[in-house]
>>> print(open('my_file-v7.cif').read())   # mmCIF, N, CA and C atoms
data_data
#
loop_
_atom_site.label_atom_id
_atom_site.label_comp_id
_atom_site.auth_asym_id
_atom_site.auth_seq_id
_atom_site.Cartn_x
_atom_site.Cartn_y
_atom_site.Cartn_z
N MET A 52 -104.57 32.66 -60.41
CA MET A 52 -104.22 33.20 -59.11
C MET A 52 -105.42 33.17 -58.17
N ALA A 53 -106.60 33.34 -58.71
CA ALA A 53 -107.80 33.30 -57.86
C ALA A 53 -107.96 31.93 -57.23
N ILE A 54 -107.67 30.89 -57.98
CA ILE A 54 -107.77 29.53 -57.44
C ILE A 54 -106.73 29.34 -56.34
N GLU A 55 -105.54 29.84 -56.54
CA GLU A 55 -104.51 29.72 -55.51
C GLU A 55 -104.92 30.47 -54.24
N ARG A 56 -105.56 31.62 -54.40
CA ARG A 56 -106.06 32.34 -53.22
C ARG A 56 -107.12 31.51 -52.50
N ASP A 57 -108.00 30.87 -53.27
CA ASP A 57 -109.03 30.01 -52.68
C ASP A 57 -108.40 28.88 -51.87
N MET A 58 -107.27 28.38 -52.33
CA MET A 58 -106.60 27.29 -51.64
C MET A 58 -106.08 27.73 -50.27
N LEU A 59 -105.83 29.02 -50.11
CA LEU A 59 -105.27 29.53 -48.86
C LEU A 59 -106.31 29.79 -47.79
N ARG A 60 -107.57 29.83 -48.18
CA ARG A 60 -108.62 30.13 -47.22
C ARG A 60 -108.69 29.05 -46.15
N ASP A 61 -108.81 29.51 -44.92
CA ASP A 61 -108.96 28.58 -43.80
C ASP A 61 -110.41 28.14 -43.72
N SER A 62 -110.62 26.87 -43.44
CA SER A 62 -111.96 26.35 -43.23
C SER A 62 -111.88 25.03 -42.49
N SER A 63 -113.02 24.56 -42.03
CA SER A 63 -113.06 23.29 -41.31
C SER A 63 -112.68 22.16 -42.26
N SER A 64 -112.33 21.01 -41.73
CA SER A 64 -111.90 19.90 -42.57
C SER A 64 -113.01 19.45 -43.51
N ASP A 65 -114.27 19.47 -43.05
CA ASP A 65 -115.38 19.11 -43.93
C ASP A 65 -115.49 20.11 -45.08
N ARG A 66 -115.40 21.35 -44.75
CA ARG A 66 -115.49 22.41 -45.76
C ARG A 66 -114.28 22.36 -46.68
N ARG A 67 -113.12 22.03 -46.13
CA ARG A 67 -111.89 21.95 -46.91
C ARG A 67 -112.00 20.90 -48.00
N ASP A 68 -112.59 19.74 -47.68
CA ASP A 68 -112.77 18.69 -48.68
C ASP A 68 -113.71 19.14 -49.79
N GLU A 69 -114.78 19.81 -49.40
CA GLU A 69 -115.72 20.33 -50.38
C GLU A 69 -115.05 21.40 -51.25
N GLN A 70 -114.30 22.28 -50.61
CA GLN A 70 -113.60 23.34 -51.33
C GLN A 70 -112.58 22.74 -52.31
N ARG A 71 -111.87 21.71 -51.87
CA ARG A 71 -110.89 21.04 -52.73
C ARG A 71 -111.56 20.48 -53.97
N GLU A 72 -112.70 19.83 -53.80
CA GLU A 72 -113.42 19.27 -54.94
C GLU A 72 -113.89 20.36 -55.90
N GLN A 73 -114.34 21.48 -55.36
CA GLN A 73 -114.78 22.60 -56.20
C GLN A 73 -113.60 23.17 -56.99
N ILE A 74 -112.46 23.29 -56.34
CA ILE A 74 -111.29 23.83 -57.02
C ILE A 74 -110.82 22.86 -58.11
N LEU A 75 -110.82 21.58 -57.81
CA LEU A 75 -110.43 20.60 -58.83
C LEU A 75 -111.37 20.66 -60.04
N LYS A 76 -112.65 20.85 -59.78
CA LYS A 76 -113.61 20.99 -60.88
C LYS A 76 -113.31 22.23 -61.72
N ARG A 77 -113.00 23.34 -61.04
CA ARG A 77 -112.65 24.57 -61.75
C ARG A 77 -111.38 24.36 -62.59
N LEU A 78 -110.40 23.67 -62.04
CA LEU A 78 -109.18 23.39 -62.79
C LEU A 78 -109.48 22.54 -64.03
N ASP A 79 -110.36 21.56 -63.88
CA ASP A 79 -110.76 20.75 -65.03
C ASP A 79 -111.41 21.60 -66.11
N GLU A 80 -112.28 22.52 -65.69
CA GLU A 80 -112.95 23.40 -66.64
C GLU A 80 -111.96 24.31 -67.35
N ILE A 81 -111.01 24.85 -66.60
CA ILE A 81 -109.99 25.70 -67.20
C ILE A 81 -109.15 24.90 -68.18
N GLU A 82 -108.75 23.72 -67.77
CA GLU A 82 -107.92 22.87 -68.63
C GLU A 82 -108.66 22.52 -69.93
N ASP A 83 -109.94 22.19 -69.82
CA ASP A 83 -110.73 21.89 -71.02
C ASP A 83 -110.79 23.10 -71.95
N ALA A 84 -111.00 24.28 -71.38
CA ALA A 84 -111.08 25.50 -72.19
C ALA A 84 -109.73 25.80 -72.85
N VAL A 85 -108.65 25.62 -72.11
CA VAL A 85 -107.32 25.87 -72.66
C VAL A 85 -107.03 24.92 -73.81
N ASN A 86 -107.45 23.68 -73.66
CA ASN A 86 -107.21 22.69 -74.72
C ASN A 86 -107.98 22.99 -76.00
N GLU A 87 -109.02 23.80 -75.90
CA GLU A 87 -109.82 24.16 -77.07
C GLU A 87 -109.32 25.43 -77.77
N ILE A 88 -108.42 26.14 -77.14
CA ILE A 88 -107.95 27.41 -77.69
C ILE A 88 -107.12 27.17 -78.95
N LYS A 89 -107.48 27.90 -79.99
CA LYS A 89 -106.71 27.90 -81.23
C LYS A 89 -106.07 29.27 -81.35
N MET A 90 -104.76 29.30 -81.50
CA MET A 90 -104.08 30.59 -81.59
C MET A 90 -102.85 30.47 -82.46
N PRO A 91 -102.34 31.61 -82.88
CA PRO A 91 -101.13 31.60 -83.70
C PRO A 91 -99.95 30.98 -82.96
N LEU A 92 -99.06 30.41 -83.72
CA LEU A 92 -97.89 29.76 -83.17
C LEU A 92 -97.06 30.71 -82.31
N SER A 93 -97.12 31.99 -82.61
CA SER A 93 -96.33 32.96 -81.84
C SER A 93 -96.76 33.05 -80.37
N PHE A 94 -97.95 32.55 -80.05
CA PHE A 94 -98.44 32.56 -78.67
C PHE A 94 -98.36 31.18 -78.01
N ALA A 95 -97.81 30.22 -78.69
CA ALA A 95 -97.76 28.84 -78.18
C ALA A 95 -97.03 28.75 -76.85
N ASP A 96 -95.98 29.53 -76.68
CA ASP A 96 -95.23 29.46 -75.43
C ASP A 96 -96.07 29.92 -74.24
N GLN A 97 -96.91 30.93 -74.44
CA GLN A 97 -97.78 31.40 -73.36
C GLN A 97 -98.85 30.37 -73.02
N LEU A 98 -99.35 29.71 -74.03
CA LEU A 98 -100.34 28.66 -73.80
C LEU A 98 -99.71 27.49 -73.04
N TYR A 99 -98.48 27.16 -73.38
CA TYR A 99 -97.77 26.11 -72.68
C TYR A 99 -97.57 26.47 -71.21
N VAL A 100 -97.19 27.71 -70.93
CA VAL A 100 -97.01 28.17 -69.54
C VAL A 100 -98.32 28.07 -68.78
N LEU A 101 -99.41 28.46 -69.41
CA LEU A 101 -100.72 28.37 -68.76
C LEU A 101 -101.06 26.92 -68.41
N ARG A 102 -100.86 26.02 -69.34
CA ARG A 102 -101.11 24.59 -69.07
C ARG A 102 -100.26 24.09 -67.92
N GLU A 103 -98.99 24.47 -67.91
CA GLU A 103 -98.09 24.04 -66.84
C GLU A 103 -98.53 24.61 -65.50
N HIS A 104 -99.00 25.84 -65.49
CA HIS A 104 -99.44 26.44 -64.23
C HIS A 104 -100.69 25.72 -63.70
N VAL A 105 -101.61 25.40 -64.58
CA VAL A 105 -102.80 24.65 -64.17
C VAL A 105 -102.38 23.31 -63.55
N ASN A 106 -101.45 22.63 -64.18
CA ASN A 106 -100.97 21.35 -63.65
C ASN A 106 -100.26 21.52 -62.31
N MET A 107 -99.49 22.60 -62.17
CA MET A 107 -98.80 22.85 -60.91
C MET A 107 -99.79 23.07 -59.77
N VAL A 108 -100.81 23.87 -60.03
CA VAL A 108 -101.82 24.13 -59.01
C VAL A 108 -102.55 22.84 -58.64
N ARG A 109 -102.87 22.03 -59.64
CA ARG A 109 -103.54 20.75 -59.39
C ARG A 109 -102.66 19.84 -58.52
N ARG A 110 -101.38 19.75 -58.84
CA ARG A 110 -100.47 18.91 -58.05
C ARG A 110 -100.38 19.40 -56.61
N ARG A 111 -100.28 20.70 -56.42
CA ARG A 111 -100.21 21.26 -55.06
C ARG A 111 -101.48 20.96 -54.28
N LEU A 112 -102.60 21.12 -54.93
CA LEU A 112 -103.87 20.87 -54.27
C LEU A 112 -103.99 19.40 -53.89
N GLU A 113 -103.62 18.51 -54.79
CA GLU A 113 -103.74 17.08 -54.53
C GLU A 113 -102.75 16.61 -53.46
N SER A 114 -101.61 17.29 -53.37
CA SER A 114 -100.62 16.88 -52.37
C SER A 114 -100.84 17.56 -51.01
N GLY A 115 -101.77 18.51 -50.97
CA GLY A 115 -102.05 19.21 -49.73
C GLY A 115 -101.17 20.40 -49.48
N GLN A 116 -100.31 20.76 -50.45
CA GLN A 116 -99.46 21.93 -50.31
C GLN A 116 -100.26 23.18 -50.60
N HIS A 117 -99.82 24.28 -50.02
CA HIS A 117 -100.43 25.58 -50.28
C HIS A 117 -99.53 26.37 -51.21
N PRO A 118 -100.11 27.24 -52.02
CA PRO A 118 -99.29 28.07 -52.89
C PRO A 118 -98.45 29.04 -52.08
N ARG A 119 -97.37 29.48 -52.66
CA ARG A 119 -96.49 30.44 -51.99
C ARG A 119 -96.94 31.83 -52.24
#
>>> encode(input="my_file-v7.cif", output="structure tokens")
Amino acid sequence: MAIERDMLRDSSSDRRDEQREQILKRLDEIEDAVNEIKMPLSFADQLYVLREHVNMVRRRLESGQHPR
């Protein structure tokens, strides 16, 4: 949610490009960390939801959409 809030911040177009790159880097770091998580099968559905949310935020950022 913090990343989605960052996406909503208004800034100049130069700053927006820099901010976009920083957010994409953060998403990569989160995705890498999530992929390393080992947990019981009973939590697999929550891990799947987290992965899907990371992908959704990445797609919105890359398409120029803002979170709702």
>>> resolve_selection(input="my_file-v7.cif", expression="the PyMOL selection byres (((chain A and resi 82 and name CA) around 12) and name CA)", output="MDAnalysis selection string")
chainID A and resid 75:81 83:88 98:99 101:109
>>> select_by_dssp(input="my_file-v7.cif", residues="chain A", states="helix (DSSP H, G or I)", output="ChimeraX atom specification")
/A:53-59,64-87,92-114
>>> atom_distance(input="my_file-v7.cif", atom1="atom CA of Arg56 of chain A", atom2="atom CA of Lys89 of chain A")
28.4 Å
>>> atom_distance(input="my_file-v7.cif", atom1="atom CA of Glu55 of chain A", atom2="atom CA of Asp96 of chain A")
22.0 Å
>>> atom_distance(input="my_file-v7.cif", atom1="atom CA of Ile54 of chain A", atom2="atom CA of Met90 of chain A")
24.5 Å
>>> residues_around(input="my_file-v7.cif", residues="Gly115 of chain A", least_positions_apart="3", cutoff="12 Å", atoms="only C-alpha atoms", output="list in words")
Met58, Leu59, Arg67, Asp68, Arg71, Val108, Arg109, Arg110, Arg111, Leu112 and Pro118 of chain A
>>> axis_aligned_box(input="my_file-v7.cif", around="segment 94-107 of chain A", padding_each_side="6 Å", output="AutoDock Vina command-line options")
--center_x -99.0 --center_y 27.0 --center_z -69.9 --size_x 19.6 --size_y 23.2 --size_z 32.3
>>> decode(input="my_file-v7.cif", residues="segment 68-112 of chain A", atoms="N, CA and C atoms", output="PDB file, in the first residue's frame")
ATOM      1  N   ASP A  68       9.443  10.348 -13.621  1.00  0.00           N
ATOM      2  CA  ASP A  68      10.216   9.261 -14.230  1.00  0.00           C
ATOM      3  C   ASP A  68      11.180   8.646 -13.217  1.00  0.00           C
ATOM      4  N   GLU A  69      11.823   9.504 -12.444  1.00  0.00           N
ATOM      5  CA  GLU A  69      12.737   9.023 -11.415  1.00  0.00           C
ATOM      6  C   GLU A  69      11.978   8.239 -10.348  1.00  0.00           C
ATOM      7  N   GLN A  70      10.839   8.769  -9.944  1.00  0.00           N
ATOM      8  CA  GLN A  70      10.014   8.104  -8.935  1.00  0.00           C
ATOM      9  C   GLN A  70       9.537   6.741  -9.452  1.00  0.00           C
ATOM     10  N   ARG A  71       9.137   6.685 -10.709  1.00  0.00           N
ATOM     11  CA  ARG A  71       8.686   5.429 -11.325  1.00  0.00           C
ATOM     12  C   ARG A  71       9.793   4.386 -11.272  1.00  0.00           C
ATOM     13  N   GLU A  72      11.011   4.780 -11.608  1.00  0.00           N
ATOM     14  CA  GLU A  72      12.139   3.847 -11.580  1.00  0.00           C
ATOM     15  C   GLU A  72      12.418   3.356 -10.161  1.00  0.00           C
ATOM     16  N   GLN A  73      12.308   4.251  -9.185  1.00  0.00           N
ATOM     17  CA  GLN A  73      12.520   3.861  -7.790  1.00  0.00           C
ATOM     18  C   GLN A  73      11.452   2.871  -7.335  1.00  0.00           C
ATOM     19  N   ILE A  74      10.221   3.114  -7.730  1.00  0.00           N
ATOM     20  CA  ILE A  74       9.132   2.223  -7.336  1.00  0.00           C
ATOM     21  C   ILE A  74       9.306   0.860  -8.002  1.00  0.00           C
ATOM     22  N   LEU A  75       9.683   0.850  -9.269  1.00  0.00           N
ATOM     23  CA  LEU A  75       9.919  -0.428  -9.949  1.00  0.00           C
ATOM     24  C   LEU A  75      11.044  -1.211  -9.268  1.00  0.00           C
ATOM     25  N   LYS A  76      12.072  -0.512  -8.831  1.00  0.00           N
ATOM     26  CA  LYS A  76      13.166  -1.175  -8.113  1.00  0.00           C
ATOM     27  C   LYS A  76      12.665  -1.770  -6.801  1.00  0.00           C
ATOM     28  N   ARG A  77      11.837  -1.006  -6.081  1.00  0.00           N
ATOM     29  CA  ARG A  77      11.268  -1.516  -4.832  1.00  0.00           C
ATOM     30  C   ARG A  77      10.396  -2.743  -5.091  1.00  0.00           C
ATOM     31  N   LEU A  78       9.612  -2.718  -6.159  1.00  0.00           N
ATOM     32  CA  LEU A  78       8.788  -3.873  -6.502  1.00  0.00           C
ATOM     33  C   LEU A  78       9.653  -5.089  -6.811  1.00  0.00           C
ATOM     34  N   ASP A  79      10.755  -4.878  -7.524  1.00  0.00           N
ATOM     35  CA  ASP A  79      11.681  -5.982  -7.799  1.00  0.00           C
ATOM     36  C   ASP A  79      12.236  -6.572  -6.508  1.00  0.00           C
ATOM     37  N   GLU A  80      12.605  -5.701  -5.573  1.00  0.00           N
ATOM     38  CA  GLU A  80      13.142  -6.163  -4.298  1.00  0.00           C
ATOM     39  C   GLU A  80      12.097  -6.943  -3.507  1.00  0.00           C
ATOM     40  N   ILE A  81      10.873  -6.451  -3.500  1.00  0.00           N
ATOM     41  CA  ILE A  81       9.795  -7.154  -2.802  1.00  0.00           C
ATOM     42  C   ILE A  81       9.548  -8.507  -3.450  1.00  0.00           C
ATOM     43  N   GLU A  82       9.498  -8.518  -4.770  1.00  0.00           N
ATOM     44  CA  GLU A  82       9.249  -9.760  -5.489  1.00  0.00           C
ATOM     45  C   GLU A  82      10.355 -10.786  -5.217  1.00  0.00           C
ATOM     46  N   ASP A  83      11.602 -10.340  -5.207  1.00  0.00           N
ATOM     47  CA  ASP A  83      12.715 -11.242  -4.900  1.00  0.00           C
ATOM     48  C   ASP A  83      12.584 -11.816  -3.494  1.00  0.00           C
ATOM     49  N   ALA A  84      12.222 -10.962  -2.538  1.00  0.00           N
ATOM     50  CA  ALA A  84      12.069 -11.416  -1.153  1.00  0.00           C
ATOM     51  C   ALA A  84      10.907 -12.404  -1.033  1.00  0.00           C
ATOM     52  N   VAL A  85       9.811 -12.120  -1.705  1.00  0.00           N
ATOM     53  CA  VAL A  85       8.650 -13.009  -1.659  1.00  0.00           C
ATOM     54  C   VAL A  85       9.002 -14.369  -2.249  1.00  0.00           C
ATOM     55  N   ASN A  86       9.774 -14.366  -3.315  1.00  0.00           N
ATOM     56  CA  ASN A  86      10.152 -15.630  -3.958  1.00  0.00           C
ATOM     57  C   ASN A  86      11.061 -16.488  -3.082  1.00  0.00           C
ATOM     58  N   GLU A  87      11.696 -15.878  -2.100  1.00  0.00           N
ATOM     59  CA  GLU A  87      12.583 -16.613  -1.195  1.00  0.00           C
ATOM     60  C   GLU A  87      11.867 -17.139   0.049  1.00  0.00           C
ATOM     61  N   ILE A  88      10.650 -16.707   0.263  1.00  0.00           N
ATOM     62  CA  ILE A  88       9.920 -17.089   1.474  1.00  0.00           C
ATOM     63  C   ILE A  88       9.559 -18.569   1.430  1.00  0.00           C
ATOM     64  N   LYS A  89       9.887 -19.250   2.510  1.00  0.00           N
ATOM     65  CA  LYS A  89       9.489 -20.644   2.688  1.00  0.00           C
ATOM     66  C   LYS A  89       8.467 -20.670   3.812  1.00  0.00           C
ATOM     67  N   MET A  90       7.308 -21.237   3.538  1.00  0.00           N
ATOM     68  CA  MET A  90       6.271 -21.260   4.564  1.00  0.00           C
ATOM     69  C   MET A  90       5.410 -22.495   4.401  1.00  0.00           C
ATOM     70  N   PRO A  91       4.650 -22.800   5.436  1.00  0.00           N
ATOM     71  CA  PRO A  91       3.760 -23.960   5.366  1.00  0.00           C
ATOM     72  C   PRO A  91       2.724 -23.805   4.252  1.00  0.00           C
ATOM     73  N   LEU A  92       2.301 -24.914   3.734  1.00  0.00           N
ATOM     74  CA  LEU A  92       1.326 -24.935   2.658  1.00  0.00           C
ATOM     75  C   LEU A  92       0.040 -24.211   3.040  1.00  0.00           C
ATOM     76  N   SER A  93      -0.276 -24.192   4.315  1.00  0.00           N
ATOM     77  CA  SER A  93      -1.513 -23.533   4.760  1.00  0.00           C
ATOM     78  C   SER A  93      -1.511 -22.027   4.493  1.00  0.00           C
ATOM     79  N   PHE A  94      -0.340 -21.442   4.253  1.00  0.00           N
ATOM     80  CA  PHE A  94      -0.235 -20.017   3.963  1.00  0.00           C
ATOM     81  C   PHE A  94       0.004 -19.736   2.478  1.00  0.00           C
ATOM     82  N   ALA A  95       0.004 -20.755   1.665  1.00  0.00           N
ATOM     83  CA  ALA A  95       0.311 -20.600   0.239  1.00  0.00           C
ATOM     84  C   ALA A  95      -0.645 -19.637  -0.453  1.00  0.00           C
ATOM     85  N   ASP A  96      -1.901 -19.657  -0.071  1.00  0.00           N
ATOM     86  CA  ASP A  96      -2.867 -18.767  -0.720  1.00  0.00           C
ATOM     87  C   ASP A  96      -2.551 -17.301  -0.441  1.00  0.00           C
ATOM     88  N   GLN A  97      -2.094 -16.986   0.758  1.00  0.00           N
ATOM     89  CA  GLN A  97      -1.735 -15.607   1.084  1.00  0.00           C
ATOM     90  C   GLN A  97      -0.492 -15.166   0.317  1.00  0.00           C
ATOM     91  N   LEU A  98       0.443 -16.068   0.160  1.00  0.00           N
ATOM     92  CA  LEU A  98       1.643 -15.761  -0.607  1.00  0.00           C
ATOM     93  C   LEU A  98       1.288 -15.520  -2.073  1.00  0.00           C
ATOM     94  N   TYR A  99       0.375 -16.313  -2.591  1.00  0.00           N
ATOM     95  CA  TYR A  99      -0.081 -16.136  -3.966  1.00  0.00           C
ATOM     96  C   TYR A  99      -0.742 -14.768  -4.142  1.00  0.00           C
ATOM     97  N   VAL A 100      -1.580 -14.365  -3.201  1.00  0.00           N
ATOM     98  CA  VAL A 100      -2.247 -13.058  -3.257  1.00  0.00           C
ATOM     99  C   VAL A 100      -1.210 -11.944  -3.236  1.00  0.00           C
ATOM    100  N   LEU A 101      -0.200 -12.076  -2.396  1.00  0.00           N
ATOM    101  CA  LEU A 101       0.859 -11.065  -2.336  1.00  0.00           C
ATOM    102  C   LEU A 101       1.580 -10.949  -3.675  1.00  0.00           C
ATOM    103  N   ARG A 102       1.931 -12.066  -4.262  1.00  0.00           N
ATOM    104  CA  ARG A 102       2.590 -12.044  -5.584  1.00  0.00           C
ATOM    105  C   ARG A 102       1.710 -11.378  -6.627  1.00  0.00           C
ATOM    106  N   GLU A 103       0.431 -11.706  -6.618  1.00  0.00           N
ATOM    107  CA  GLU A 103      -0.498 -11.112  -7.578  1.00  0.00           C
ATOM    108  C   GLU A 103      -0.628  -9.608  -7.361  1.00  0.00           C
ATOM    109  N   HIS A 104      -0.629  -9.182  -6.119  1.00  0.00           N
ATOM    110  CA  HIS A 104      -0.741  -7.747  -5.846  1.00  0.00           C
ATOM    111  C   HIS A 104       0.508  -7.006  -6.337  1.00  0.00           C
ATOM    112  N   VAL A 105       1.674  -7.577  -6.113  1.00  0.00           N
ATOM    113  CA  VAL A 105       2.909  -6.966  -6.611  1.00  0.00           C
ATOM    114  C   VAL A 105       2.833  -6.830  -8.131  1.00  0.00           C
ATOM    115  N   ASN A 106       2.378  -7.863  -8.803  1.00  0.00           N
ATOM    116  CA  ASN A 106       2.256  -7.816 -10.264  1.00  0.00           C
ATOM    117  C   ASN A 106       1.237  -6.783 -10.716  1.00  0.00           C
ATOM    118  N   MET A 107       0.130  -6.669  -9.974  1.00  0.00           N
ATOM    119  CA  MET A 107      -0.894  -5.692 -10.325  1.00  0.00           C
ATOM    120  C   MET A 107      -0.345  -4.267 -10.213  1.00  0.00           C
ATOM    121  N   VAL A 108       0.362  -3.995  -9.134  1.00  0.00           N
ATOM    122  CA  VAL A 108       0.936  -2.666  -8.939  1.00  0.00           C
ATOM    123  C   VAL A 108       1.953  -2.370 -10.043  1.00  0.00           C
ATOM    124  N   ARG A 109       2.773  -3.356 -10.386  1.00  0.00           N
ATOM    125  CA  ARG A 109       3.755  -3.178 -11.459  1.00  0.00           C
ATOM    126  C   ARG A 109       3.061  -2.864 -12.787  1.00  0.00           C
ATOM    127  N   ARG A 110       2.012  -3.608 -13.109  1.00  0.00           N
ATOM    128  CA  ARG A 110       1.287  -3.361 -14.368  1.00  0.00           C
ATOM    129  C   ARG A 110       0.680  -1.963 -14.393  1.00  0.00           C
ATOM    130  N   ARG A 111       0.095  -1.539 -13.282  1.00  0.00           N
ATOM    131  CA  ARG A 111      -0.496  -0.194 -13.218  1.00  0.00           C
ATOM    132  C   ARG A 111       0.569   0.874 -13.401  1.00  0.00           C
ATOM    133  N   LEU A 112       1.686   0.687 -12.755  1.00  0.00           N
ATOM    134  CA  LEU A 112       2.767   1.660 -12.854  1.00  0.00           C
ATOM    135  C   LEU A 112       3.289   1.727 -14.284  1.00  0.00           C
TER     136      LEU A 112
END
